[in-house]
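Beneath this line is the structure, given in structure tokens, with notes to follow.
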Protein chains: 2
Amino acid sequence: MDLSERKKKILRAVVEEYIETAEPVGSKTIKVRAELDCSSATIRNELSALSELGYLEQPHTSAGRIPTAKGYRLYVNELMRERQLSLEETETINSALTAKMAELDKLISHVGQMASELTSYPSLAISTPAPATIKRFDLIYIDANTFIVVLLMSSDTVKNKLVHLPFSFNETLITRLSALFNANFTGITEDKVTPALINSTERAAGDTMGLTSVIAGFVLETLTAAHGSGAVVSGEANLLKLPEFQDPEKAHKLMRYLSDTANLSALQSAPDFGDVKVLIGPENAVEELRDSSVVLASYSLGDNTRGVIGVVGPTRMDYSAVAAKLSYIAQGLSKLLGGGTTPPAGFGKLMIKGEDLDV
Amino acid sequence: MDLSERKKKILRAVVEEYIETAEPVGSKTIKVRAELDCSSATIRNELSALSELGYLEQPHTSAGRIPTAKGYRLYVNELMRERQLSLEETETINSALTAKMAELDKLISHVGQMASELTSYPSLAISTPAPATIKRFDLIYIDANTFIVVLLMSSDTVKNKLVHLPFSFNETLITRLSALFNANFTGITEDKVTPALINSTERAAGDTMGLTSVIAGFVLETLTAAHGSGAVVSGEANLLKLPEFQDPEKAHKLMRYLSDTANLSALQSAPDFGDVKVLIGPENAVEELRDSSVVLASYSLGDNTRGVIGVVGPTRMDYSAVAAKLSYIAQGLSKLLGGGTTPPAGFGKLMIKGEDLDV
DNA sequence: GTTTAGCACTCAGGGGAGCTGAGTGCTAAA
DNA sequence: TTTAGCACTCAGCTCCCCTGAGTGCTAAAC
């Protein structure tokens with residue numbers, strides 16, 4: 001059952017006004033905002049119909065209307081005007097992206113910070129690296145008790161560890177081990193690092209001191225660590241500015257939830273989605289997020305690492321602005337990291353996905 | 001001018017009661033708490049004297065007393081009973097310390113988190129590395145366009161960078177550069193990396209492609225980065241639990257301040273101090289911290305890196321518990337990282353420093 | 001049938017007024 | 001010097017009323 005044009009116009013006006021002011025919206029305000037040629041009484045009739053249909057609700061009998069989750073959903077799916085980013089905004093993002101991509105490790109946290117500053121909501125950044133392998137293996141002999149393990153990973157990041165042992169060994173053993181590991185441990189995934197493999201390497205190297213297992217331990221650790229996904233939250237302080245979180249109780253609850261990174265990894269499980277995904281209030285599975293909304297954008301890095309950046313805010317969030325910004329950031333990241341080193345120019349169209357509510 | 005024993009007993013009772021309850025303390029409560037053998041009227045006389053002396057104040061005429069900054073200072077300096085950590089608490093700290101020391105890089109943030117969990121106040125961890133030098137320099141040739149720079153720093157941490165260039169070079173050049181850098185750039189501090197040095201190295205290597213300057217750039221960056229101190233804040237959410245931060249305005253102000261790491265680096269400037277340093281309310285130079293207190297503990301790592309961990313809370317903070325915990329953590333860190341790898345057993349005595357207020 | 005004007009009704013939020021109780025300061029007696 | 005007693009103060013709570021924004025409904029107008 002489709003809504004009349006006028007109803008849509010009114011619904012949009014209510015949502016947008018409420019997003020700005022956080023106050024219930026009355027018929028007179030709508031008349032001005034939506035530039036409608038009818039009287040407030042007519043609008044009241046329409047409002048009453050929209051309430052009946054479940055798109056709007058009243059906090060109490062004599063107050064204005066506020067959108068329900070269903071109302072927001074319709075707004076996000078159909079009514080939302082695409083937000084054009086200002087030149088200034090795109091430039092901020094571009095320069096931040098190019099400046100920060102230097103260190104991939106710190107990238108997620110930097111991107112998160114950026115998203116938070118840009119939207120003035122708390123943001124989260126999660127990365128889900130694909131199963132990693134080692135591209136290249138090296139040992140650097142330092143002295144009779146010390147050497148460095150250097151691993152070049154499939155993602156073109158480098159991992160290292162300084163190993164300092166209480167007994168001494170000679171340089172030839174290190175050289176031999178380096179060659180053997182390079183031959184046996186490159187290109188394989190975590191599950192291929194078996195005790196058998198370690199044993200055979202140890203024998204081949206003539207290593208009687210257990211160096212092999214120390215090194216293999218680090219290799220395994222690195223491979224394992226790579227697929228434990230990291231999550232970072234920034235800008236939690238922004239929550240406190242919002243009227244809906246003036247109640248410290250409420251703010252505290254959400255902040256506690258956000259500060260446990262384990263929780264967030266669950267969010268990212270929301271699998272492939274087109275470009276931007278919006279989860280409105282009760283659509284969130286997690287109780288703590290029930291009266292907040294989450295906007296997520298996913299990006300992919302050249303190797304098959306995937307990441308998600310997102311923003312958490314009140315259901316009354318400026319969806320169009322947030323979605324546009326996140327989308328731009330995510331696409332910029334994909335281009336920058338997946339492909340060449342050129343800064344992103346114009347990105348594709350904004351697409352939004354999300355669950356529909358039952359009627 | 002020294003206070004009588006009874007006055008001290010009363011002052012201590014007021015401070016400790018107020019720390020627990022955050023409510024102004026009345027004469028009757030004190031009588032019970034301090035187990036005094038006089039009537040509430042006598043205590044009122046004493047209270048009135050203590051107010052006169054500037055150790056206590058009344059929020060309004062007919063309310064109980066609360067300690068002033070001066071009162072807290074006296075309490076911290078003289079009256080505070082040393083808090084014994086429970087076995088459970090020391091074990092939590094010990095195991096967390098040993099488990100986490102594996103990765104020195106992430107150490108500060110882990111330690112900060114621990115401090116925050118243990119004290120349920122927001123915590124900050126700052127590290128001030130000493131001027132770093134390079135102990136050992138290596139280049140690993142990967143392919144005609146790629147090599148890895150591996151730096152072993154004076155602090156026994158390893159830094160690396162994958163360099164991928166749009167033009168090709170051969171392995172002998174890399175080997176030569178590796179040897180030259182190892183000869184010329186080890187053992188020197190940042191300010192010794194001059195354009196002259198870079199030029200002479202470039203000539204000696206016969207490098208016509210500018211590899212030398214790329215590498216030197218990374219070296220310089222690493223040396224510089226090392227003394228830019230890192231700061232991490234954890235557990236900000238804890239603020240919202242405290243009654244003094246029920247006002248979202250106030251909480252927001254402090255959280256904003258804390259979330260800018262640049263601000264924190266300033267705190268650490270507080271130079272050498274014995275063991276634990278307590279800054280009470282107005283003793284803080286920064287306006288944002290004027291009605292909070294900060295407890296800091298410093299630790300030193302074997303090489304001359306110094307670090308500070310601290311906790312921010314209301315002036316009504318449980319100083320004895322917080323100081324004991326921070327002190328234990330700091331001493332544990334020093335022992336673990338400065339010396340051997342054995343877990344800390346019994347630590348020294350708790351010493352507290354801080355500025356005295358004028359009378 | 002749709003729109004409009006008019007009117008009675010509702011209710012959140014703000015601004016006193018008044019009460020309560022914890023706690024004080026002072027005085028006079030022990 | 002300590003204590004008991006008493007009058008006084010004042011934050012915080014509750015109760016109450018008022019105001020104004022906004023509604024729903026009805027009857028007339030288009």
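Residue numbering restarts at 1 for every chain of the structure tokens, chains are lettered A, B, ... in their displayed order, and ligands are numbered from 1 as they appear.
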Near-range 230-240 of chain A list (7 Å; only C-alpha atoms (C1' of nucleotides); drop same-chain fewer than 3 positions) as JSON, numbers by chain: {"A": [109, 112, 113, 116, 120, 121, 122, 123, 124, 125, 126, 127, 245, 246, 251, 255, 258, 259, 261, 264, 265], "B": [248, 252, 255, 256]}
Strand (DSSP E) call set, DSSP backbone run, range 41-239 of chain B, as number ranges by chain: B: 56-57, 66-67, 123-128, 134-143, 146-153, 158-164, 230-234
Proximal residues of chain B relative to chain C (only C-alpha atoms (C1' of nucleotides); 12 Å) as JSON, numbers by chain: {"B": [23, 24, 25, 26, 27, 28, 29, 40, 41, 42, 43, 44, 45, 47, 48, 58, 59, 60, 61, 62, 63, 64, 65]}
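For chain D, the residues having at least one atom no farther than 9 Å from chain A, when counting only C-alpha atoms (C1' of nucleotides), are DA21, DG22, DT23 and DG24 of chain D.
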For Ile30 in chain A: contacts at 7 Å, only C-alpha atoms (C1' of nucleotides), fewer than 5 positions along chain excluded, given as a PyMOL selection string: chain A and resi 10+13-14
Which range 173-252 of chain B residues have any atom within 7 Å of an atom of range 136-144 of chain B, and for each, what is the nearest pair of atoms with distance in Å to one decimal, counting only C-alpha atoms, rows sorted by chain and number, as a tab-separated table?
```
residue	atom	partner	partner_atom	distance
B:Ile174	CA	B:Tyr141	CA	6.6
B:Ser178	CA	B:Leu139	CA	5.3
B:Phe181	CA	B:Phe137	CA	6.5
B:Asn182	CA	B:Phe137	CA	4.8
B:Thr186	CA	B:Arg136	CA	6.0
```
Can you spit out the residues from that selection as a tab-separated table (two decimals), in the first residue's frame, using C-alpha atoms?
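And here is the file that came out, out.tsv:
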```tsv
chain	number	residue	atom	x	y	z
B	174	ILE	CA	70.88	-2.75	-1.47
B	178	SER	CA	72.85	-1.77	4.09
B	181	PHE	CA	73.92	2.74	6.77
B	182	ASN	CA	75.02	0.25	9.36
B	186	THR	CA	74.05	3.46	14.07
```
Contacts of Glu288 in chain B at 8 Å (only C-alpha atoms (C1' of nucleotides); same-chain gap of 4+ positions) as a PyMOL selection string: chain B and resi 253-254+257
Expected file: the selected residues, C-alpha atoms, as a PDB file, in the first residue's frame:
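Below you can see selection.pdb, which holds the result:
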```pdb
ATOM      1  CA  LYS B 253      34.237  18.754  29.184  1.00  0.00           C
ATOM      2  CA  LEU B 254      36.586  16.418  30.996  1.00  0.00           C
ATOM      3  CA  TYR B 257      40.065  17.040  27.404  1.00  0.00           C
TER       4      TYR B 257
END
```
Per-residue DSSP, range 177-283 of chain B, filtered to helix (DSSP H, G or I), as a count of residues only: 71
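The space between CA of Glu35 in chain B and CA of Gln84 in chain B spans 22.2 Å.
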Counting only C-alpha atoms, the residue of B:Gly54, B:Pro131, B:Pro243, B:Pro195 that sits nearest chain A: B:Pro243
Residue among B:Met80, B:Ala49, B:Val150, B:Ile108 lying closest to chain A, counting only C-alpha atoms: B:Val150
Proximity to chain A - best of B:Leu87, B:Ala266, B:Leu220, B:Met153, only C-alpha atoms: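 Closest to chain A of all the choices is B:Met153.
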Between CA of Lys135 in chain A and CA of Asp156 in chain A, distance in Å (one decimal):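 If I compute the distance from CA of Lys135 in chain A to CA of Asp156 in chain A, I get 8.1 Å.
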Surrounding residues of Leu11 in chain A excluding itself and chain neighbours under 2 positions, 10 Å, only C-alpha atoms (C1' of nucleotides), as a list in words: Leu3, Glu5, Arg6, Lys7, Lys8, Lys9, Ala13, Val14, Val15, Glu16, Glu17, Ile30, Ala34, Glu46, Leu47, Leu50, Tyr55, Leu56, Arg65, Ile66, Pro67, Gly71, Tyr72, Leu74, Tyr75 and Leu79 of chain A
Between C1' of DG20 in chain D and CA of Glu20 in chain A, distance in Å (one decimal): 22.2 Å
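Among the candidates B:Val32, B:Leu151, B:Ala204, B:Ala323, the one nearest to chain A when counting only C-alpha atoms is B:Leu151.
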